[in-house]
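Everything on this sheet refers to the single structure shown next.
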Amino acid sequence: QVQLVESGGGSVPTGGSLKLSCVGLGFTSKRYCMAWFRQETGKEREGVAQIDSSGTSALIISVKDRFRISLVDDKNTLHLQMDGLKREDTAVYYCAAAFPCRLGRDDWITARTYKYWGQGTLVNVSS
């Protein structure tokens, strides 16, 4: 049984930092992809960043200079370091995974790639 266990959400002031983590359990392939999506109340879920177990990664333009995605491959653990947080980053952040999976360099960050989802962790950025 595949499980994604997220941690690290919380409330921070504008300009603050948070680090989200997601541990993937029950993976049956060493070729996998993991990602972070976020969803604001009343809006569609948005892909933020993704990475695969070979290290190919991507982030959306609005966070590219502020967020960093990383993967501890032998532990199936995904991180999202978020610095310079803005109010518009406020959302529930979801971890997602798929395997077997390999990303192309220019692949969109789309929910259709991912089969497994975490429960979400709230990030609240206040002024």
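By convention here, the chains of the structure tokens are called A, B, ... in the order presented, each chain's residues are numbered starting at 1, and ligands are numbered starting at 1 in the order presented.
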Tell me which protein, DNA and RNA residues are within 12 Å of region 97-108 of chain A, counting only C-alpha atoms, leaving out same-chain ones fewer than 4 positions away, and put them as an mmCIF file with N, CA, C and O atoms, in the first residue's frame.
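So the final result, stored in result.cif, reads:
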data_model
loop_
_atom_site.group_PDB
_atom_site.id
_atom_site.type_symbol
_atom_site.label_atom_id
_atom_site.label_comp_id
_atom_site.auth_asym_id
_atom_site.auth_seq_id
_atom_site.Cartn_x
_atom_site.Cartn_y
_atom_site.Cartn_z
ATOM 1 N N VAL A 2 0.598 2.136 -0.936
ATOM 2 C CA VAL A 2 1.381 3.353 -1.060
ATOM 3 C C VAL A 2 0.816 4.433 -0.131
ATOM 4 O O VAL A 2 -0.398 4.649 -0.076
ATOM 5 N N GLN A 3 1.703 5.069 0.588
ATOM 6 C CA GLN A 3 1.310 6.194 1.452
ATOM 7 C C GLN A 3 2.275 7.336 1.244
ATOM 8 O O GLN A 3 3.486 7.126 1.076
ATOM 9 N N LEU A 4 1.767 8.544 1.286
ATOM 10 C CA LEU A 4 2.585 9.749 1.249
ATOM 11 C C LEU A 4 2.297 10.523 2.520
ATOM 12 O O LEU A 4 1.154 10.929 2.766
ATOM 13 N N VAL A 5 3.327 10.711 3.327
ATOM 14 C CA VAL A 5 3.161 11.349 4.630
ATOM 15 C C VAL A 5 3.841 12.710 4.607
ATOM 16 O O VAL A 5 5.057 12.803 4.520
ATOM 17 N N CYS A 22 7.899 15.147 2.527
ATOM 18 C CA CYS A 22 6.942 14.094 2.179
ATOM 19 C C CYS A 22 7.705 12.783 2.084
ATOM 20 O O CYS A 22 8.639 12.669 1.283
ATOM 21 N N VAL A 23 7.309 11.829 2.881
ATOM 22 C CA VAL A 23 7.928 10.501 2.847
ATOM 23 C C VAL A 23 7.023 9.550 2.084
ATOM 24 O O VAL A 23 5.837 9.427 2.404
ATOM 25 N N GLY A 24 7.576 8.909 1.073
ATOM 26 C CA GLY A 24 6.821 7.950 0.281
ATOM 27 C C GLY A 24 7.049 6.534 0.794
ATOM 28 O O GLY A 24 8.191 6.085 0.890
ATOM 29 N N LEU A 25 5.969 5.862 1.136
ATOM 30 C CA LEU A 25 6.026 4.489 1.645
ATOM 31 C C LEU A 25 5.361 3.536 0.662
ATOM 32 O O LEU A 25 4.363 3.911 0.030
ATOM 33 N N GLY A 26 5.928 2.336 0.519
ATOM 34 C CA GLY A 26 5.299 1.322 -0.324
ATOM 35 C C GLY A 26 5.612 1.438 -1.801
ATOM 36 O O GLY A 26 4.936 0.815 -2.627
ATOM 37 N N PHE A 27 6.618 2.223 -2.151
ATOM 38 C CA PHE A 27 6.997 2.328 -3.573
ATOM 39 C C PHE A 27 7.543 0.986 -4.047
ATOM 40 O O PHE A 27 8.327 0.348 -3.347
ATOM 41 N N THR A 28 7.166 0.594 -5.252
ATOM 42 C CA THR A 28 7.618 -0.695 -5.799
ATOM 43 C C THR A 28 8.541 -0.523 -7.001
ATOM 44 O O THR A 28 8.801 -1.481 -7.718
ATOM 45 N N SER A 29 9.006 0.682 -7.228
ATOM 46 C CA SER A 29 9.951 0.922 -8.316
ATOM 47 C C SER A 29 10.943 1.983 -7.870
ATOM 48 O O SER A 29 10.584 2.920 -7.141
ATOM 49 N N LYS A 30 12.189 1.859 -8.347
ATOM 50 C CA LYS A 30 13.197 2.886 -8.058
ATOM 51 C C LYS A 30 13.155 4.001 -9.103
ATOM 52 O O LYS A 30 13.912 4.961 -9.013
ATOM 53 N N ARG A 31 12.304 3.850 -10.098
ATOM 54 C CA ARG A 31 12.091 4.896 -11.093
ATOM 55 C C ARG A 31 10.761 5.567 -10.771
ATOM 56 O O ARG A 31 9.698 5.038 -11.098
ATOM 57 N N TYR A 32 10.822 6.691 -10.105
ATOM 58 C CA TYR A 32 9.589 7.334 -9.663
ATOM 59 C C TYR A 32 9.682 8.846 -9.784
ATOM 60 O O TYR A 32 10.764 9.403 -9.920
ATOM 61 N N CYS A 33 8.544 9.460 -9.763
ATOM 62 C CA CYS A 33 8.426 10.913 -9.790
ATOM 63 C C CYS A 33 7.644 11.361 -8.556
ATOM 64 O O CYS A 33 6.716 10.672 -8.125
ATOM 65 N N MET A 34 8.021 12.509 -8.032
ATOM 66 C CA MET A 34 7.279 13.097 -6.923
ATOM 67 C C MET A 34 7.092 14.583 -7.191
ATOM 68 O O MET A 34 7.905 15.198 -7.899
ATOM 69 N N ALA A 35 6.060 15.134 -6.616
ATOM 70 C CA ALA A 35 5.743 16.529 -6.915
ATOM 71 C C ALA A 35 5.004 17.181 -5.757
ATOM 72 O O ALA A 35 4.460 16.506 -4.890
ATOM 73 N N TRP A 36 4.971 18.499 -5.816
ATOM 74 C CA TRP A 36 4.145 19.310 -4.916
ATOM 75 C C TRP A 36 3.120 20.056 -5.751
ATOM 76 O O TRP A 36 3.465 20.694 -6.749
ATOM 77 N N PHE A 37 1.879 19.966 -5.327
ATOM 78 C CA PHE A 37 0.797 20.766 -5.873
ATOM 79 C C PHE A 37 0.239 21.625 -4.746
ATOM 80 O O PHE A 37 0.464 21.339 -3.578
ATOM 81 N N GLU A 46 -2.898 23.446 -8.436
ATOM 82 C CA GLU A 46 -1.832 23.946 -9.300
ATOM 83 C C GLU A 46 -0.535 23.184 -9.022
ATOM 84 O O GLU A 46 -0.138 23.026 -7.859
ATOM 85 N N GLY A 47 0.116 22.726 -10.076
ATOM 86 C CA GLY A 47 1.421 22.107 -9.912
ATOM 87 C C GLY A 47 2.457 23.151 -9.575
ATOM 88 O O GLY A 47 2.499 24.205 -10.201
ATOM 89 N N VAL A 48 3.309 22.866 -8.582
ATOM 90 C CA VAL A 48 4.319 23.819 -8.134
ATOM 91 C C VAL A 48 5.720 23.365 -8.536
ATOM 92 O O VAL A 48 6.511 24.147 -9.063
ATOM 93 N N ALA A 49 6.024 22.089 -8.262
ATOM 94 C CA ALA A 49 7.370 21.585 -8.525
ATOM 95 C C ALA A 49 7.319 20.076 -8.644
ATOM 96 O O ALA A 49 6.471 19.428 -8.022
ATOM 97 N N GLN A 50 8.235 19.517 -9.426
ATOM 98 C CA GLN A 50 8.322 18.071 -9.542
ATOM 99 C C GLN A 50 9.754 17.640 -9.751
ATOM 100 O O GLN A 50 10.599 18.423 -10.210
ATOM 101 N N ILE A 51 10.017 16.381 -9.421
ATOM 102 C CA ILE A 51 11.363 15.820 -9.553
ATOM 103 C C ILE A 51 11.236 14.316 -9.711
ATOM 104 O O ILE A 51 10.277 13.712 -9.204
ATOM 105 N N ASP A 52 12.179 13.715 -10.443
ATOM 106 C CA ASP A 52 12.168 12.267 -10.521
ATOM 107 C C ASP A 52 13.433 11.697 -9.882
ATOM 108 O O ASP A 52 14.342 12.448 -9.502
ATOM 109 N N SER A 53 13.488 10.396 -9.779
ATOM 110 C CA SER A 53 14.575 9.759 -9.033
ATOM 111 C C SER A 53 15.910 9.826 -9.763
ATOM 112 O O SER A 53 16.936 9.451 -9.193
ATOM 113 N N SER A 54 15.922 10.338 -11.012
ATOM 114 C CA SER A 54 17.196 10.567 -11.696
ATOM 115 C C SER A 54 17.675 12.000 -11.478
ATOM 116 O O SER A 54 18.792 12.345 -11.872
ATOM 117 N N GLY A 55 16.812 12.842 -10.876
ATOM 118 C CA GLY A 55 17.186 14.216 -10.591
ATOM 119 C C GLY A 55 16.614 15.263 -11.513
ATOM 120 O O GLY A 55 16.784 16.469 -11.272
ATOM 121 N N THR A 56 15.906 14.857 -12.561
ATOM 122 C CA THR A 56 15.256 15.838 -13.429
ATOM 123 C C THR A 56 14.173 16.555 -12.647
ATOM 124 O O THR A 56 13.342 15.915 -12.004
ATOM 125 N N SER A 57 14.173 17.875 -12.694
ATOM 126 C CA SER A 57 13.233 18.629 -11.865
ATOM 127 C C SER A 57 12.723 19.856 -12.610
ATOM 128 O O SER A 57 13.295 20.276 -13.611
ATOM 129 N N ALA A 58 11.641 20.403 -12.075
ATOM 130 C CA ALA A 58 11.059 21.615 -12.642
ATOM 131 C C ALA A 58 10.257 22.330 -11.575
ATOM 132 O O ALA A 58 9.708 21.694 -10.668
ATOM 133 N N LEU A 59 10.208 23.648 -11.676
ATOM 134 C CA LEU A 59 9.376 24.475 -10.811
ATOM 135 C C LEU A 59 8.637 25.471 -11.692
ATOM 136 O O LEU A 59 9.127 25.868 -12.750
ATOM 137 N N ILE A 60 7.472 25.915 -11.241
ATOM 138 C CA ILE A 60 6.757 26.924 -12.001
ATOM 139 C C ILE A 60 7.462 28.271 -11.837
ATOM 140 O O ILE A 60 8.173 28.519 -10.867
ATOM 141 N N ILE A 61 7.229 29.137 -12.807
ATOM 142 C CA ILE A 61 7.966 30.402 -12.876
ATOM 143 C C ILE A 61 7.761 31.256 -11.628
ATOM 144 O O ILE A 61 8.699 31.881 -11.126
ATOM 145 N N ASN A 76 13.134 7.829 -0.394
ATOM 146 C CA ASN A 76 11.871 8.265 -1.023
ATOM 147 C C ASN A 76 11.303 9.499 -0.304
ATOM 148 O O ASN A 76 10.100 9.575 -0.058
ATOM 149 N N THR A 77 12.166 10.421 0.030
ATOM 150 C CA THR A 77 11.740 11.597 0.783
ATOM 151 C C THR A 77 11.906 12.853 -0.060
ATOM 152 O O THR A 77 12.985 13.141 -0.551
ATOM 153 N N LEU A 78 10.819 13.560 -0.194
ATOM 154 C CA LEU A 78 10.753 14.766 -0.999
ATOM 155 C C LEU A 78 10.716 15.986 -0.090
ATOM 156 O O LEU A 78 10.031 15.974 0.942
ATOM 157 N N ARG A 112 -2.196 14.785 -14.045
ATOM 158 C CA ARG A 112 -2.400 13.539 -14.784
ATOM 159 C C ARG A 112 -1.199 12.603 -14.695
ATOM 160 O O ARG A 112 -1.310 11.412 -14.924
ATOM 161 N N THR A 113 -0.031 13.146 -14.355
ATOM 162 C CA THR A 113 1.165 12.315 -14.217
ATOM 163 C C THR A 113 1.112 11.449 -12.966
ATOM 164 O O THR A 113 1.734 10.405 -12.892
ATOM 165 N N TYR A 114 0.347 11.905 -11.955
ATOM 166 C CA TYR A 114 0.465 11.354 -10.611
ATOM 167 C C TYR A 114 -0.744 10.542 -10.185
ATOM 168 O O TYR A 114 -1.886 10.954 -10.337
ATOM 169 N N LYS A 115 -0.443 9.369 -9.627
ATOM 170 C CA LYS A 115 -1.501 8.452 -9.194
ATOM 171 C C LYS A 115 -1.745 8.528 -7.690
ATOM 172 O O LYS A 115 -2.873 8.321 -7.229
ATOM 173 N N TYR A 116 -0.707 8.832 -6.932
ATOM 174 C CA TYR A 116 -0.808 8.772 -5.473
ATOM 175 C C TYR A 116 -0.708 10.181 -4.889
ATOM 176 O O TYR A 116 0.102 10.995 -5.344
ATOM 177 N N TRP A 117 -1.513 10.424 -3.858
ATOM 178 C CA TRP A 117 -1.605 11.771 -3.284
ATOM 179 C C TRP A 117 -1.592 11.724 -1.760
ATOM 180 O O TRP A 117 -2.146 10.795 -1.153
ATOM 181 N N GLY A 118 -0.959 12.718 -1.161
ATOM 182 C CA GLY A 118 -1.010 12.874 0.281
ATOM 183 C C GLY A 118 -2.266 13.606 0.703
ATOM 184 O O GLY A 118 -3.071 14.019 -0.146
#
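Once Thr90 (chain A) and its same-chain neighbours fewer than 2 positions away are set aside, Gly9, Gly10, Ser11, Val12, Pro13, Thr14, Leu18, Arg38, Gln39, Glu40, Thr41, Lys43, Met82, Leu85, Lys86, Arg87, Glu88, Val92, Tyr93, Thr121, Leu122, Val123, Asn124, Val125, Ser126 and Ser127 of chain A remain within 12 Å of it when counting only C-alpha atoms.
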- Could you tell me, as a ChimeraX atom specification, which residues of chain A DSSP assigns to strand (DSSP E) when given the backbone? /A:3-7,10-13,18-25,33-39,46-52,57-59,67-72,77-82,91-98,116-117,121-126
Taking the DSSP assignment computed from this structure's backbone, write out as a PDB file with all heavy atoms, in the first residue's frame all residues of region 7-78 of chain A that belong to helix (DSSP H, G or I).
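Result saved to states_38.pdb:
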ATOM      1  N   ILE A  61       7.229  29.137 -12.807  1.00  0.00           N
ATOM      2  CA  ILE A  61       7.966  30.402 -12.876  1.00  0.00           C
ATOM      3  C   ILE A  61       7.761  31.256 -11.628  1.00  0.00           C
ATOM      4  O   ILE A  61       8.699  31.881 -11.126  1.00  0.00           O
ATOM      5  CB  ILE A  61       7.559  31.163 -14.140  1.00  0.00           C
ATOM      6  CG1 ILE A  61       8.090  30.446 -15.383  1.00  0.00           C
ATOM      7  CG2 ILE A  61       8.067  32.605 -14.098  1.00  0.00           C
ATOM      8  CD1 ILE A  61       7.616  31.043 -16.690  1.00  0.00           C
ATOM      9  N   SER A  62       6.562  31.250 -11.089  1.00  0.00           N
ATOM     10  CA  SER A  62       6.246  32.141  -9.971  1.00  0.00           C
ATOM     11  C   SER A  62       7.001  31.793  -8.690  1.00  0.00           C
ATOM     12  O   SER A  62       7.058  32.611  -7.772  1.00  0.00           O
ATOM     13  CB  SER A  62       4.740  32.135  -9.691  1.00  0.00           C
ATOM     14  OG  SER A  62       4.302  30.831  -9.352  1.00  0.00           O
ATOM     15  N   VAL A  63       7.590  30.604  -8.611  1.00  0.00           N
ATOM     16  CA  VAL A  63       8.317  30.216  -7.404  1.00  0.00           C
ATOM     17  C   VAL A  63       9.777  29.881  -7.691  1.00  0.00           C
ATOM     18  O   VAL A  63      10.549  29.595  -6.762  1.00  0.00           O
ATOM     19  CB  VAL A  63       7.648  28.996  -6.706  1.00  0.00           C
ATOM     20  CG1 VAL A  63       6.173  29.265  -6.451  1.00  0.00           C
ATOM     21  CG2 VAL A  63       7.835  27.714  -7.501  1.00  0.00           C
ATOM     22  N   ASP A  73      16.856  10.198  -2.441  1.00  0.00           N
ATOM     23  CA  ASP A  73      16.396   9.065  -3.235  1.00  0.00           C
ATOM     24  C   ASP A  73      16.284   7.773  -2.443  1.00  0.00           C
ATOM     25  O   ASP A  73      15.292   7.058  -2.529  1.00  0.00           O
ATOM     26  CB  ASP A  73      17.332   8.883  -4.431  1.00  0.00           C
ATOM     27  CG  ASP A  73      16.821   7.826  -5.399  1.00  0.00           C
ATOM     28  OD1 ASP A  73      15.605   7.527  -5.377  1.00  0.00           O
ATOM     29  OD2 ASP A  73      17.629   7.299  -6.175  1.00  0.00           O
ATOM     30  N   ASP A  74      17.287   7.470  -1.639  1.00  0.00           N
ATOM     31  CA  ASP A  74      17.262   6.169  -0.958  1.00  0.00           C
ATOM     32  C   ASP A  74      16.227   6.125   0.160  1.00  0.00           C
ATOM     33  O   ASP A  74      15.977   5.065   0.726  1.00  0.00           O
ATOM     34  CB  ASP A  74      18.655   5.809  -0.438  1.00  0.00           C
ATOM     35  CG  ASP A  74      19.181   6.804   0.575  1.00  0.00           C
ATOM     36  OD1 ASP A  74      18.622   7.922   0.665  1.00  0.00           O
ATOM     37  OD2 ASP A  74      20.144   6.473   1.277  1.00  0.00           O
ATOM     38  N   LYS A  75      15.617   7.271   0.458  1.00  0.00           N
ATOM     39  CA  LYS A  75      14.588   7.305   1.492  1.00  0.00           C
ATOM     40  C   LYS A  75      13.227   7.719   0.939  1.00  0.00           C
ATOM     41  O   LYS A  75      12.281   7.907   1.696  1.00  0.00           O
ATOM     42  CB  LYS A  75      15.001   8.256   2.617  1.00  0.00           C
ATOM     43  CG  LYS A  75      16.258   7.805   3.336  1.00  0.00           C
ATOM     44  CD  LYS A  75      16.605   8.726   4.484  1.00  0.00           C
ATOM     45  CE  LYS A  75      17.846   8.231   5.221  1.00  0.00           C
ATOM     46  NZ  LYS A  75      18.219   9.108   6.338  1.00  0.00           N
TER      47      LYS A  75
END
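Here CA of Gly16 (chain A) and CA of Lys64 (chain A) stand 16.0 Å from one another.
You will find CA of Ser7 (chain A) at 18.8 Å from CA of Arg45 (chain A).
With CA of Asp89 (chain A) on one side and CA of Val72 (chain A) on the other, the separation reads 24.4 Å.
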